[in-house]
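Participant: Here you go, structure.cif (mmCIF, C-alpha atoms and all ligand atoms):
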data_final
loop_
_atom_site.label_atom_id
_atom_site.label_comp_id
_atom_site.auth_asym_id
_atom_site.auth_seq_id
_atom_site.Cartn_x
_atom_site.Cartn_y
_atom_site.Cartn_z
CA ASP A 1 12.70 45.10 -34.17
CA LYS A 2 16.37 45.96 -33.97
CA ALA A 3 17.03 45.82 -37.68
CA ASP A 4 19.54 48.68 -37.57
CA MET A 5 21.84 46.80 -35.21
CA ALA A 6 23.45 44.29 -37.51
CA ASP A 7 23.82 43.14 -41.10
CA THR A 8 20.44 41.47 -41.56
CA THR A 9 21.71 39.26 -44.38
CA THR A 10 23.64 37.17 -41.82
CA VAL A 11 21.90 34.47 -39.79
CA LYS A 12 22.50 36.35 -36.53
CA GLY A 13 21.58 39.73 -38.02
CA SER A 14 18.36 38.38 -39.56
CA GLN A 15 17.12 37.56 -36.07
CA PHE A 16 17.10 41.26 -35.12
CA ASN A 17 14.28 41.73 -37.63
CA GLN A 18 10.82 41.40 -36.13
CA PRO A 19 9.17 38.11 -37.15
CA LEU A 20 5.77 38.84 -38.60
CA LEU A 21 4.62 35.27 -37.90
CA GLU A 22 4.08 34.61 -34.21
CA PHE A 23 1.79 32.15 -32.43
CA SER A 24 0.53 29.57 -34.88
CA GLY A 25 -1.52 26.48 -34.11
CA ALA A 26 0.97 24.18 -35.86
CA CYS A 27 2.26 21.00 -34.18
CA ALA A 28 5.10 21.87 -31.80
CA GLY A 29 8.38 21.78 -33.68
CA CYS A 30 6.77 22.20 -37.13
CA ALA A 31 9.38 22.97 -39.78
CA GLU A 32 6.93 24.79 -42.05
CA THR A 33 6.44 27.63 -39.54
CA SER A 34 10.17 28.08 -39.00
CA TYR A 35 10.66 28.65 -42.74
CA ALA A 36 7.67 31.00 -43.04
CA ARG A 37 8.78 32.95 -39.98
CA LEU A 38 12.24 33.48 -41.49
CA VAL A 39 10.75 34.68 -44.80
CA THR A 40 8.76 37.31 -42.86
CA GLN A 41 11.98 38.41 -41.13
CA VAL A 42 13.57 38.96 -44.55
CA CYS A 43 10.66 40.41 -46.54
CA GLY A 44 8.57 41.90 -43.72
CA ASP A 45 5.55 44.07 -44.40
CA ARG A 46 6.12 44.14 -48.16
CA MET A 47 4.97 40.50 -48.42
CA TYR A 48 1.84 39.38 -50.22
CA ILE A 49 1.28 35.66 -49.52
CA SER A 50 -0.92 33.37 -51.57
CA ASN A 51 -1.28 30.16 -49.58
CA ALA A 52 -2.34 26.80 -50.96
CA THR A 53 -4.71 24.73 -48.86
CA GLY A 54 -2.74 22.44 -46.59
CA CYS A 55 -1.15 22.65 -43.15
CA SER A 56 0.28 26.10 -43.93
CA SER A 57 -3.22 27.46 -44.64
CA ILE A 58 -4.49 25.99 -41.36
CA TRP A 59 -1.74 27.18 -39.03
CA GLY A 60 -1.50 30.33 -41.20
CA GLY A 61 -5.18 31.21 -41.16
CA PRO A 62 -7.15 29.67 -38.32
CA ALA A 63 -9.82 32.34 -38.95
CA ALA A 64 -10.63 33.41 -35.38
CA THR A 65 -7.08 34.66 -34.95
CA SER A 66 -4.10 35.18 -37.23
CA PRO A 67 -0.52 34.17 -36.46
CA TYR A 68 0.70 36.72 -39.01
CA THR A 69 1.13 40.03 -37.27
CA VAL A 70 2.02 43.69 -37.84
CA ASN A 71 5.01 45.89 -37.07
CA LYS A 72 4.97 49.15 -35.08
CA ALA A 73 3.57 50.99 -38.09
CA GLY A 74 0.59 48.59 -38.09
CA ARG A 75 1.72 46.86 -41.29
CA GLY A 76 2.34 43.19 -41.93
CA PRO A 77 2.16 40.57 -44.67
CA ALA A 78 -1.08 40.47 -46.66
CA TRP A 79 -2.25 36.85 -46.70
CA ALA A 80 -4.92 34.88 -48.52
CA ASN A 81 -5.69 31.20 -48.91
CA SER A 82 -6.66 29.95 -52.33
CA LEU A 83 -7.82 26.57 -53.51
CA PHE A 84 -5.45 23.62 -53.37
CA GLU A 85 -5.53 23.37 -57.15
CA ASP A 86 -4.95 26.99 -58.21
CA ASN A 87 -2.61 28.58 -55.70
CA ALA A 88 0.25 29.42 -58.04
CA GLU A 89 -2.15 31.10 -60.45
CA ASN A 90 -3.72 33.01 -57.56
CA GLY A 91 -0.28 34.31 -56.53
CA LEU A 92 0.48 35.29 -60.12
CA GLY A 93 -2.80 37.23 -60.03
CA PHE A 94 -1.48 39.15 -57.01
CA PHE A 95 1.57 40.01 -59.10
CA TYR A 96 -0.43 41.22 -62.12
CA GLY A 97 -2.77 43.26 -59.92
CA GLN A 98 0.20 44.90 -58.26
CA LYS A 99 1.92 45.46 -61.60
CA ALA A 100 -1.14 47.10 -63.17
CA LEU A 101 -1.45 49.52 -60.23
CA ARG A 102 2.24 50.39 -60.27
CA ASP A 103 2.33 50.78 -64.07
CA ARG A 104 -0.40 53.40 -63.70
CA LEU A 105 1.51 55.13 -60.89
CA GLU A 106 4.65 55.09 -63.03
CA GLU A 107 2.80 56.71 -65.93
CA LYS A 108 1.42 59.45 -63.68
CA THR A 109 4.83 60.01 -62.08
CA ARG A 110 6.50 60.38 -65.48
CA ALA A 111 3.81 62.90 -66.49
CA LEU A 112 4.30 64.80 -63.22
CA LEU A 113 8.09 64.90 -63.60
CA ALA A 114 7.76 66.15 -67.18
CA LEU A 115 5.94 69.33 -66.06
CA ASP A 116 8.46 72.19 -65.80
CA TYR A 117 6.71 73.74 -62.78
CA THR A 118 6.66 70.57 -60.63
CA ASP A 119 8.39 71.15 -57.29
CA GLU A 120 12.11 70.22 -57.40
CA ASP A 121 11.91 68.05 -54.22
CA VAL A 122 8.99 66.12 -55.70
CA LYS A 123 10.95 65.67 -58.95
CA ALA A 124 14.00 64.30 -57.10
CA ALA A 125 11.93 61.96 -54.90
CA GLY A 126 9.79 60.81 -57.85
CA GLN A 127 12.91 60.08 -59.91
CA ALA A 128 14.43 58.09 -57.03
CA TRP A 129 11.22 56.05 -56.83
CA LEU A 130 11.31 55.40 -60.60
CA ASP A 131 14.98 54.41 -60.47
CA THR A 132 14.41 51.78 -57.79
CA MET A 133 11.07 50.38 -58.96
CA SER A 134 12.32 46.80 -59.24
CA ASP A 135 14.41 46.77 -56.05
CA ALA A 136 12.18 45.71 -53.15
CA VAL A 137 14.37 47.05 -50.35
CA ALA A 138 15.41 50.38 -51.89
CA ASN A 139 11.99 51.09 -53.37
CA GLY A 140 10.25 50.95 -49.98
CA GLU A 141 12.38 53.83 -48.68
CA ALA A 142 12.12 55.74 -51.97
CA ALA A 143 8.32 55.40 -51.90
CA LYS A 144 8.16 56.79 -48.34
CA LYS A 145 10.23 59.83 -49.37
CA TYR A 146 8.17 60.35 -52.53
CA VAL A 147 4.90 60.28 -50.53
CA ALA A 148 6.36 62.70 -47.96
CA ALA A 149 7.50 65.11 -50.69
CA LEU A 150 4.09 65.05 -52.41
CA GLU A 151 2.22 65.54 -49.11
CA THR A 152 4.49 68.41 -48.07
CA VAL A 153 3.93 70.31 -51.31
CA LEU A 154 0.18 69.68 -51.51
CA ASN A 155 -0.33 70.57 -47.83
CA ALA A 156 1.77 73.72 -48.11
CA ARG A 157 0.16 75.25 -51.15
CA GLY A 158 -3.24 73.52 -51.24
CA ASP A 159 -4.64 72.04 -54.42
CA CYS A 160 -4.75 74.82 -57.00
CA GLY A 161 -6.24 72.48 -59.63
CA CYS A 162 -3.19 72.58 -61.92
CA ASP A 163 -2.00 69.39 -63.66
CA ALA A 164 0.77 68.86 -61.09
CA CYS A 165 -1.67 69.06 -58.16
CA THR A 166 -4.12 66.72 -59.88
CA LEU A 167 -1.43 64.15 -60.67
CA GLY A 168 0.01 64.46 -57.15
CA ARG A 169 -3.40 63.85 -55.60
CA GLU A 170 -4.06 60.87 -57.86
CA ILE A 171 -0.70 59.32 -56.96
CA LEU A 172 -1.31 59.85 -53.24
CA ALA A 173 -4.74 58.21 -53.51
CA HIS A 174 -2.88 54.95 -54.27
CA LYS A 175 0.19 55.55 -52.15
CA GLU A 176 0.08 52.09 -50.51
CA PHE A 177 0.73 50.52 -53.92
CA LEU A 178 3.85 52.59 -54.72
CA ALA A 179 6.42 50.41 -52.93
CA LYS A 180 7.46 47.18 -54.64
CA LYS A 181 5.80 44.20 -53.00
CA SER A 182 7.33 40.79 -52.50
CA ILE A 183 4.95 38.17 -53.85
CA TRP A 184 5.19 34.77 -52.13
CA ILE A 185 3.33 31.61 -53.02
CA PHE A 186 3.32 29.10 -50.14
CA GLY A 187 2.21 25.48 -50.14
CA GLY A 188 3.06 21.87 -49.39
CA ASP A 189 4.38 19.10 -51.61
CA GLY A 190 0.87 17.72 -52.28
CA TRP A 191 0.10 21.11 -53.82
CA ALA A 192 3.41 21.75 -55.59
CA TYR A 193 4.38 18.26 -56.82
CA ASP A 194 0.87 16.92 -57.52
CA ILE A 195 -2.40 18.77 -57.54
CA GLY A 196 -1.19 22.35 -58.13
CA TYR A 197 1.74 21.28 -60.32
CA GLY A 198 0.22 22.28 -63.68
CA GLY A 199 -0.38 25.79 -62.39
CA LEU A 200 2.98 26.00 -60.67
CA ASP A 201 4.74 25.02 -63.89
CA HIS A 202 2.73 27.62 -65.80
CA VAL A 203 3.59 30.36 -63.29
CA LEU A 204 7.31 29.49 -63.25
CA ALA A 205 7.30 29.53 -67.06
CA SER A 206 5.65 32.98 -67.08
CA GLY A 207 9.01 34.54 -66.18
CA GLU A 208 7.30 36.96 -63.78
CA ASP A 209 8.80 38.14 -60.50
CA VAL A 210 7.11 35.82 -57.99
CA ASN A 211 8.60 33.66 -55.24
CA VAL A 212 7.42 30.16 -54.42
CA PHE A 213 8.19 28.39 -51.14
CA VAL A 214 7.36 24.69 -50.99
CA PHE A 215 7.23 23.11 -47.53
CA ASP A 216 8.28 19.60 -48.48
CA THR A 217 6.98 17.20 -45.80
CA GLU A 218 7.03 14.38 -48.39
CA VAL A 219 3.36 13.63 -47.65
CA TYR A 220 -0.02 15.37 -47.65
CA SER A 221 0.36 16.23 -43.96
CA ASN A 222 -2.87 18.10 -43.37
CA THR A 223 -5.15 15.26 -44.41
CA GLY A 224 -3.33 12.51 -42.53
CA GLY A 225 -0.23 11.69 -44.53
CA GLN A 226 -1.14 10.47 -48.01
CA ALA A 227 1.75 9.75 -50.38
CA SER A 228 2.64 12.47 -52.89
CA LYS A 229 5.17 12.48 -55.74
CA ALA A 230 7.56 13.95 -53.14
CA THR A 231 7.36 10.76 -51.05
CA ASN A 232 10.51 8.69 -51.23
CA VAL A 233 10.91 4.99 -52.08
CA GLY A 234 10.04 2.73 -49.18
CA ALA A 235 8.28 5.34 -47.04
CA VAL A 236 5.04 4.15 -45.49
CA ALA A 237 2.20 6.57 -46.14
CA GLN A 238 -1.52 6.39 -46.76
CA PHE A 239 -2.10 4.70 -50.15
CA ALA A 240 1.45 3.33 -49.79
CA ALA A 241 1.01 1.05 -46.79
CA ALA A 242 3.61 -1.39 -48.11
CA GLY A 243 6.13 1.41 -48.74
CA LYS A 244 6.10 3.67 -51.81
CA THR A 245 7.41 1.93 -54.89
CA MET A 246 8.36 4.83 -57.14
CA PRO A 247 11.16 7.34 -56.48
CA LYS A 248 10.69 10.98 -55.48
CA LYS A 249 10.15 13.44 -58.30
CA SER A 250 12.87 16.08 -58.69
CA LEU A 251 10.77 19.23 -58.79
CA ALA A 252 13.91 21.34 -58.42
CA GLU A 253 15.47 19.95 -61.58
CA ILE A 254 12.30 20.28 -63.60
CA ALA A 255 12.27 23.98 -62.70
CA MET A 256 16.02 24.37 -63.30
CA GLN A 257 15.78 23.21 -66.88
CA TYR A 258 13.94 26.40 -67.80
CA GLY A 259 17.23 28.21 -67.22
CA TYR A 260 15.54 31.41 -66.11
CA VAL A 261 13.97 30.21 -62.84
CA TYR A 262 15.84 30.72 -59.55
CA VAL A 263 15.77 27.37 -57.75
CA ALA A 264 17.04 26.34 -54.32
CA GLN A 265 16.80 23.28 -52.12
CA VAL A 266 17.27 24.13 -48.47
CA ALA A 267 17.10 22.56 -44.99
CA MET A 268 17.22 25.16 -42.24
CA GLY A 269 18.46 22.82 -39.49
CA ALA A 270 21.35 21.66 -41.68
CA ASN A 271 22.52 25.05 -42.94
CA PRO A 272 20.61 28.16 -41.81
CA ALA A 273 23.01 30.48 -43.69
CA GLN A 274 22.25 28.71 -46.98
CA THR A 275 18.49 28.92 -46.27
CA LEU A 276 18.74 32.64 -45.59
CA LYS A 277 20.91 33.20 -48.67
CA ALA A 278 18.32 31.41 -50.81
CA ILE A 279 15.46 33.56 -49.47
CA ASN A 280 17.44 36.77 -50.09
CA GLU A 281 18.54 35.65 -53.57
CA ALA A 282 15.01 34.53 -54.50
CA GLU A 283 13.54 37.87 -53.55
CA ALA A 284 16.28 39.82 -55.33
CA TYR A 285 15.97 37.78 -58.55
CA HIS A 286 13.83 39.61 -61.12
CA GLY A 287 12.01 36.53 -62.29
CA PRO A 288 10.30 33.44 -60.87
CA SER A 289 11.92 31.74 -57.88
CA LEU A 290 11.30 28.34 -56.34
CA ILE A 291 12.62 27.34 -52.92
CA ILE A 292 11.99 23.80 -51.72
CA GLY A 293 12.48 23.45 -47.99
CA TYR A 294 12.90 20.04 -46.36
CA ALA A 295 10.26 19.94 -43.65
CA PRO A 296 10.34 17.03 -41.19
CA CYS A 297 6.81 16.51 -39.93
CA GLU A 298 4.90 14.93 -37.08
CA MET A 299 3.82 12.36 -39.70
CA HIS A 300 7.42 11.08 -40.03
CA SER A 301 7.41 9.85 -36.40
CA ILE A 302 11.00 10.84 -35.71
CA LYS A 303 12.59 9.14 -32.69
CA GLY A 304 12.39 11.50 -29.74
CA GLY A 305 9.63 13.51 -31.39
CA MET A 306 9.50 16.89 -33.11
CA ALA A 307 11.86 18.46 -30.58
CA ASN A 308 14.45 16.90 -32.92
CA CYS A 309 13.00 18.45 -36.09
CA GLN A 310 15.91 20.78 -36.87
CA SER A 311 18.59 18.20 -35.99
CA GLU A 312 16.78 15.65 -38.17
CA MET A 313 17.23 18.04 -41.11
CA LYS A 314 20.97 18.08 -40.44
CA LYS A 315 21.06 14.28 -40.33
CA ALA A 316 19.14 14.13 -43.62
CA VAL A 317 21.67 16.39 -45.34
CA ASP A 318 24.76 14.78 -43.76
CA CYS A 319 23.83 11.31 -45.01
CA GLY A 320 22.73 12.55 -48.45
CA TYR A 321 19.01 11.91 -48.05
CA TRP A 322 18.39 15.60 -48.87
CA ASN A 323 20.74 17.80 -50.93
CA LEU A 324 21.32 21.53 -50.65
CA PHE A 325 21.92 23.57 -53.80
CA ARG A 326 21.09 26.86 -55.49
CA PHE A 327 20.61 27.71 -59.17
CA ASN A 328 20.75 31.45 -59.75
CA PRO A 329 20.28 32.50 -63.40
CA ALA A 330 21.42 36.05 -62.52
CA LEU A 331 24.98 34.71 -62.10
CA LYS A 332 25.09 33.65 -65.76
CA ALA A 333 24.98 37.32 -66.80
CA GLU A 334 28.04 37.94 -64.60
CA GLY A 335 29.91 35.14 -66.37
CA LYS A 336 29.70 32.89 -63.31
CA SER A 337 28.27 29.42 -62.87
CA PRO A 338 24.59 29.63 -61.93
CA PHE A 339 24.75 26.33 -60.00
CA THR A 340 26.13 25.97 -56.47
CA LEU A 341 26.13 22.63 -54.69
CA ASP A 342 25.97 23.52 -50.99
CA SER A 343 25.98 19.93 -49.64
CA LYS A 344 29.13 18.05 -48.81
CA ALA A 345 29.56 14.45 -50.03
CA PRO A 346 27.35 12.05 -48.03
CA ALA A 347 29.04 11.03 -44.78
CA GLY A 348 27.41 7.59 -44.40
CA GLY A 349 24.82 6.48 -41.86
CA TYR A 350 22.07 6.39 -44.47
CA GLN A 351 20.22 3.32 -43.20
CA GLU A 352 20.52 4.59 -39.60
CA PHE A 353 18.86 7.81 -40.73
CA LEU A 354 15.96 5.88 -42.26
CA MET A 355 15.59 3.75 -39.13
CA ASN A 356 15.33 6.89 -37.00
CA GLU A 357 11.90 7.56 -38.48
CA ALA A 358 8.91 5.22 -38.08
CA ARG A 359 7.61 6.11 -41.57
CA TYR A 360 10.50 3.89 -42.69
CA SER A 361 11.24 1.61 -39.73
CA ALA A 362 7.60 0.43 -39.58
CA LEU A 363 8.12 -1.38 -42.89
CA THR A 364 10.89 -3.57 -41.46
CA ARG A 365 8.28 -5.07 -39.11
CA ALA A 366 5.42 -5.36 -41.59
CA PHE A 367 7.38 -6.52 -44.67
CA PRO A 368 11.02 -7.17 -43.70
CA GLU A 369 12.26 -8.44 -47.08
CA ARG A 370 10.52 -5.75 -49.06
CA ALA A 371 11.81 -3.16 -46.58
CA GLU A 372 15.41 -4.21 -47.13
CA LYS A 373 15.03 -4.05 -50.91
CA LEU A 374 13.27 -0.66 -50.95
CA PHE A 375 15.63 0.95 -48.43
CA GLN A 376 18.62 -0.23 -50.45
CA GLU A 377 17.04 1.28 -53.53
CA ASN A 378 16.34 4.50 -51.61
CA GLU A 379 20.04 4.76 -50.66
CA GLU A 380 21.25 3.96 -54.17
CA LEU A 381 18.97 6.61 -55.63
CA ALA A 382 20.33 9.14 -53.12
CA LYS A 383 23.92 8.27 -54.12
CA ALA A 384 23.06 8.64 -57.80
CA ARG A 385 21.34 11.97 -57.08
CA TYR A 386 24.42 13.38 -55.37
CA GLU A 387 26.74 12.15 -58.13
CA HIS A 388 24.42 13.75 -60.66
CA LEU A 389 24.55 17.07 -58.76
CA VAL A 390 28.37 16.92 -58.73
CA LYS A 391 28.29 16.40 -62.50
CA LEU A 392 25.91 19.34 -62.88
CA GLN A 393 28.33 21.51 -60.95
CA GLU A 394 31.15 20.48 -63.33
CA LEU A 395 28.90 21.08 -66.30
CA TYR A 396 28.00 24.63 -65.28
CA ALA A 397 31.50 25.57 -64.02
C1 LIG A 401 -8.89 19.75 -54.88
C2 LIG A 401 -8.73 19.37 -53.46
N1 LIG A 401 -8.43 18.09 -53.13
C3 LIG A 401 -8.26 17.73 -51.86
C4 LIG A 401 -8.38 18.66 -50.86
C5 LIG A 401 -8.21 18.24 -49.41
N2 LIG A 401 -6.94 18.68 -48.88
C6 LIG A 401 -6.81 19.78 -48.12
S1 LIG A 401 -5.25 20.01 -47.55
C7 LIG A 401 -4.72 18.60 -48.31
C8 LIG A 401 -3.30 18.13 -48.14
C9 LIG A 401 -2.24 19.14 -48.41
O1 LIG A 401 -1.00 18.51 -48.48
P1 LIG A 401 0.31 19.31 -48.86
O2 LIG A 401 0.08 20.15 -50.07
O3 LIG A 401 1.43 18.35 -48.93
O4 LIG A 401 0.51 20.33 -47.65
P2 LIG A 401 0.85 19.99 -46.14
O5 LIG A 401 -0.47 19.75 -45.46
O6 LIG A 401 1.73 18.79 -46.12
O7 LIG A 401 1.52 21.22 -45.63
C10 LIG A 401 -5.77 17.98 -49.01
C11 LIG A 401 -5.66 16.72 -49.74
C12 LIG A 401 -8.68 20.00 -51.21
N3 LIG A 401 -8.75 20.97 -50.29
N4 LIG A 401 -8.85 20.34 -52.50
#
Could you quickly redo this structure as structure tokens?

Facilitator:
Amino acid sequence: DKADMADTTTVKGSQFNQPLLEFSGACAGCAETSYARLVTQVCGDRMYISNATGCSSIWGGPAATSPYTVNKAGRGPAWANSLFEDNAENGLGFFYGQKALRDRLEEKTRALLALDYTDEDVKAAGQAWLDTMSDAVANGEAAKKYVAALETVLNARGDCGCDACTLGREILAHKEFLAKKSIWIFGGDGWAYDIGYGGLDHVLASGEDVNVFVFDTEVYSNTGGQASKATNVGAVAQFAAAGKTMPKKSLAEIAMQYGYVYVAQVAMGANPAQTLKAINEAEAYHGPSLIIGYAPCEMHSIKGGMANCQSEMKKAVDCGYWNLFRFNPALKAEGKSPFTLDSKAPAGGYQEFLMNEARYSALTRAFPERAEKLFQENEELAKARYEHLVKLQELYA
């Protein structure tokens, strides 16, 4: 951990932060782990993770060991796996539990600060903690100083039984809950687009300060690659052996229409700076956030294998198969456009991109005519999607 060496909001600087995700049992080259690792480098030991069942719960919690680790202070992300069908709600529960504990600590702190004989150092540190309660980074430091000030005073003069001592002791009894936590809800597209969607929608609509990261592999990877609503037209998947007929659902746009949900579509291998920006912005936003990360997968059978995972993301973005954008409602309050299209106009090579992956190319052998029709449709839909995003940018400008 060399976090003091550089600005950790830059791609280079972020890599001086200790990753709190280390040796997972994921397939070599797995995109899901590279996203999760980066989130731990940004949010560190203040993370609470609620993980849907899926690949990320298997590489994330193999039971005998844990790939999530701790820093020098012995602290790391708190992690739990919930059911496939209720993960968003489970994560929201983390948030409410945390909020209830901190509301109580806030009440006790206000009572302590209102006593005229409370130690001046405790008053200053307590006020600094109150002032930063909703800022995850600043509040961690403020909480440490507040705990130190309370411990110093109580150790120096003992507990005389006065109201200040009693409140101080009660606050210290729950000191690990003082610092603002960063609530993350992790899961795959099968969870987010399909089976957990009702709950996800409910949690996003709650307006509460939780962050969702969807690892979009465009199939149910963990159970052998069944089609989800994230699967694109023409892709061969289980239950779509002749290529999926219906287009991919735009989860990002469904979430954007609320107007108060932070939404980003990212692809680390195409633009790591944009991915990092989205993670930082999502955590800083005082409301629900949804990041959808394009995650090439072993199931896609990319030419050359998963060693090409990150470069495949770049190809996907360059040809317009996957688009990068961010919708930050906080910018509206500053009089700026909330929508930023981070992708350039598609550079061509769309069909070549599809043919680089056997989930598509296999169809040309099994059903050549159908393949041509579906792949054309896939490309046309991608063109329309980009044009639509350009229009959105104009609309919000
Ligand atoms: C209600 C329910 N249905 C089915 C399953 C079996 N199951 C476990 S993981 C999984 C696939 C998860 O796919 P996705 O959410 O896309 O995550 P990925 O594995 O791709 O990361 C399924 C179907 C389950 N655990 N619970």

Participant: Determine, using only C-alpha atoms and all ligand atoms, which residues of chain A have any atom at most 8 Å from an atom of ligand LIG 401 (chain A), and tabulate each with its shortest atom pair and distance in Å to one decimal place, rows ordered by chain and then rising number, as a Markdown table.

Facilitator:
| residue | atom | partner | partner_atom | distance |
| --- | --- | --- | --- | --- |
| A:Glu32 | CA | A:LIG401 | O7 | 7.4 |
| A:Ala52 | CA | A:LIG401 | O2 | 7.1 |
| A:Thr53 | CA | A:LIG401 | S1 | 4.9 |
| A:Gly54 | CA | A:LIG401 | S1 | 3.6 |
| A:Cys55 | CA | A:LIG401 | O5 | 3.8 |
| A:Ser56 | CA | A:LIG401 | O7 | 5.3 |
| A:Ser57 | CA | A:LIG401 | O7 | 7.9 |
| A:Leu83 | CA | A:LIG401 | N4 | 6.4 |
| A:Phe84 | CA | A:LIG401 | N4 | 4.8 |
| A:Glu85 | CA | A:LIG401 | C1 | 5.4 |
| A:Gly187 | CA | A:LIG401 | O2 | 5.7 |
| A:Gly188 | CA | A:LIG401 | O4 | 3.4 |
| A:Asp189 | CA | A:LIG401 | O3 | 4.1 |
| A:Gly190 | CA | A:LIG401 | O2 | 3.4 |
| A:Trp191 | CA | A:LIG401 | O2 | 3.9 |
| A:Ala192 | CA | A:LIG401 | O2 | 6.6 |
| A:Ile195 | CA | A:LIG401 | C1 | 7.1 |
| A:Phe215 | CA | A:LIG401 | O7 | 6.3 |
| A:Asp216 | CA | A:LIG401 | O3 | 7.0 |
| A:Thr217 | CA | A:LIG401 | O6 | 5.5 |
| A:Glu218 | CA | A:LIG401 | O3 | 6.9 |
| A:Val219 | CA | A:LIG401 | O3 | 5.3 |
| A:Tyr220 | CA | A:LIG401 | O1 | 3.4 |
| A:Ser221 | CA | A:LIG401 | O6 | 3.6 |
| A:Asn222 | CA | A:LIG401 | O5 | 3.6 |
| A:Thr223 | CA | A:LIG401 | C8 | 5.1 |
| A:Gly224 | CA | A:LIG401 | C8 | 7.9 |
| A:Gly225 | CA | A:LIG401 | O6 | 7.5 |
| A:Gln226 | CA | A:LIG401 | C11 | 7.9 |
| A:Ser228 | CA | A:LIG401 | O3 | 7.2 |

Participant: Check the smallest atom-to-atom distance from each of A:Lys181, A:Asp135, A:Ala73, A:Val42 to A:Lys99 using all atoms listed in the file, then report the winner.

Facilitator: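 Checking each of A:Lys181, A:Asp135, A:Ala73, A:Val42 against A:Lys99, counting all atoms listed in the file, the winner is A:Lys181.
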
Participant: Which stretch 190-231 of chain A residues have any atom within 10 Å of an atom of stretch 271-291 of chain A, and for each, what is the nearest pair of atoms with distance in Å to one decimal, counting only C-alpha atoms, rows sorted by chain and number, as JSON lines?

Facilitator:
{"residue": "A:Leu200", "atom": "CA", "partner": "A:Leu290", "partner_atom": "CA", "distance": 9.7}
{"residue": "A:Val203", "atom": "CA", "partner": "A:Pro288", "partner_atom": "CA", "distance": 7.8}
{"residue": "A:Leu204", "atom": "CA", "partner": "A:Pro288", "partner_atom": "CA", "distance": 5.5}
{"residue": "A:Ala205", "atom": "CA", "partner": "A:Pro288", "partner_atom": "CA", "distance": 7.9}
{"residue": "A:Ser206", "atom": "CA", "partner": "A:Pro288", "partner_atom": "CA", "distance": 7.8}
{"residue": "A:Gly207", "atom": "CA", "partner": "A:Gly287", "partner_atom": "CA", "distance": 5.3}
{"residue": "A:Glu208", "atom": "CA", "partner": "A:Gly287", "partner_atom": "CA", "distance": 5.0}
{"residue": "A:Asp209", "atom": "CA", "partner": "A:Gly287", "partner_atom": "CA", "distance": 4.0}
{"residue": "A:Val210", "atom": "CA", "partner": "A:Pro288", "partner_atom": "CA", "distance": 4.9}
{"residue": "A:Asn211", "atom": "CA", "partner": "A:Ser289", "partner_atom": "CA", "distance": 4.7}
{"residue": "A:Val212", "atom": "CA", "partner": "A:Leu290", "partner_atom": "CA", "distance": 4.7}
{"residue": "A:Phe213", "atom": "CA", "partner": "A:Ile291", "partner_atom": "CA", "distance": 4.9}
{"residue": "A:Val214", "atom": "CA", "partner": "A:Ile291", "partner_atom": "CA", "distance": 6.2}
{"residue": "A:Phe215", "atom": "CA", "partner": "A:Ile291", "partner_atom": "CA", "distance": 8.7}
{"residue": "A:Asp216", "atom": "CA", "partner": "A:Ile291", "partner_atom": "CA", "distance": 9.9}

Participant: Can you pull out every residue within 12 Å of A:Asp116, counting all atoms listed in the file, but drop anything in the same chain fewer than 6 positions away, and send it as a list in words?

Facilitator: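 The residues satisfying every condition are Arg110, Val122, Lys123, Asp163 and Ala164 of chain A.
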
Participant: Point out the residue among A:Ala264, A:Ile185, A:Cys160, A:Val390 with the least atom-to-atom distance to A:Asn81, counting all atoms listed in the file.

Facilitator: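 Answer, going by the shortest atom-to-atom distance: A:Ile185.
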
Participant: With distances taken over all atoms listed in the file, which of A:Ala6, A:Leu105, A:Leu150, A:Ala316 is nearest to A:Asp121?

Facilitator: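 When distances to A:Asp121 are compared using all atoms listed in the file, the smallest one comes from A:Leu150.
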
Participant: Given only C-alpha atoms as the basis, pick out the residue of A:Gly304, A:Gly259, A:Gly199, A:Gly293 nearest to A:Gly93.

Facilitator: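 Closest residue, counting only C-alpha atoms: A:Gly199.
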
Participant: Fewer than 4 positions away in the same chain doesn't count, so skip those; otherwise give me all residues within 9 Å of A:Ala366, counting all atoms listed in the file, as a PyMOL selection string.

Facilitator: chain A and resi 242+362+371

Participant: When you look at A:Glu377 with a cut-off of 12 Å (counting all atoms listed in the file), what residues show up, excluding the ones that are within fewer than 2 positions of it in the same chain? I need them as a VMD selection string.

Facilitator: chain A and resid 232 to 235 243 to 248 350 to 351 370 to 375 379 to 384

Participant: I'd like to know which of A:Cys30, A:Gln15, A:Thr132, A:Glu170 is closest to A:Met306, using all atoms listed in the file.

Facilitator: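 Counting all atoms listed in the file, the residue closest to A:Met306 is A:Cys30.
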
Participant: State, in Å with one decimal place, the distance from atom CA of A:Asn328 to atom CA of A:Val261.

Facilitator: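 Atom CA of A:Val261 lies at a distance of 7.6 Å from atom CA of A:Asn328.
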
Participant: Could you please determine the separation between atom CA of A:Phe186 and atom CA of A:Gly60 in Å, to one decimal place?

Facilitator: 10.2 Å

Participant: Out of A:Val147, A:Ser250, A:Thr118, A:Gly29, which residue has the shortest atom-to-atom distance to A:Asn308 when counting only C-alpha atoms?

Facilitator: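 That would be A:Gly29, the residue with the smallest distance to A:Asn308.
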
Participant: Using only C-alpha atoms, determine which residues lie at most 9 Å from A:His202, disregarding the query and same-chain residues fewer than 4 positions distant; provide the list as a compact mmCIF listing (two decimals) with C-alpha atoms, keeping the file's coordinate frame.

Facilitator:
# COMPACT_ATOMS: atom_id res chain seq x y z
CA ALA A 88 0.25 29.42 -58.04
CA GLU A 89 -2.15 31.10 -60.45
CA TYR A 197 1.74 21.28 -60.32
CA GLY A 198 0.22 22.28 -63.68
CA SER A 206 5.65 32.98 -67.08
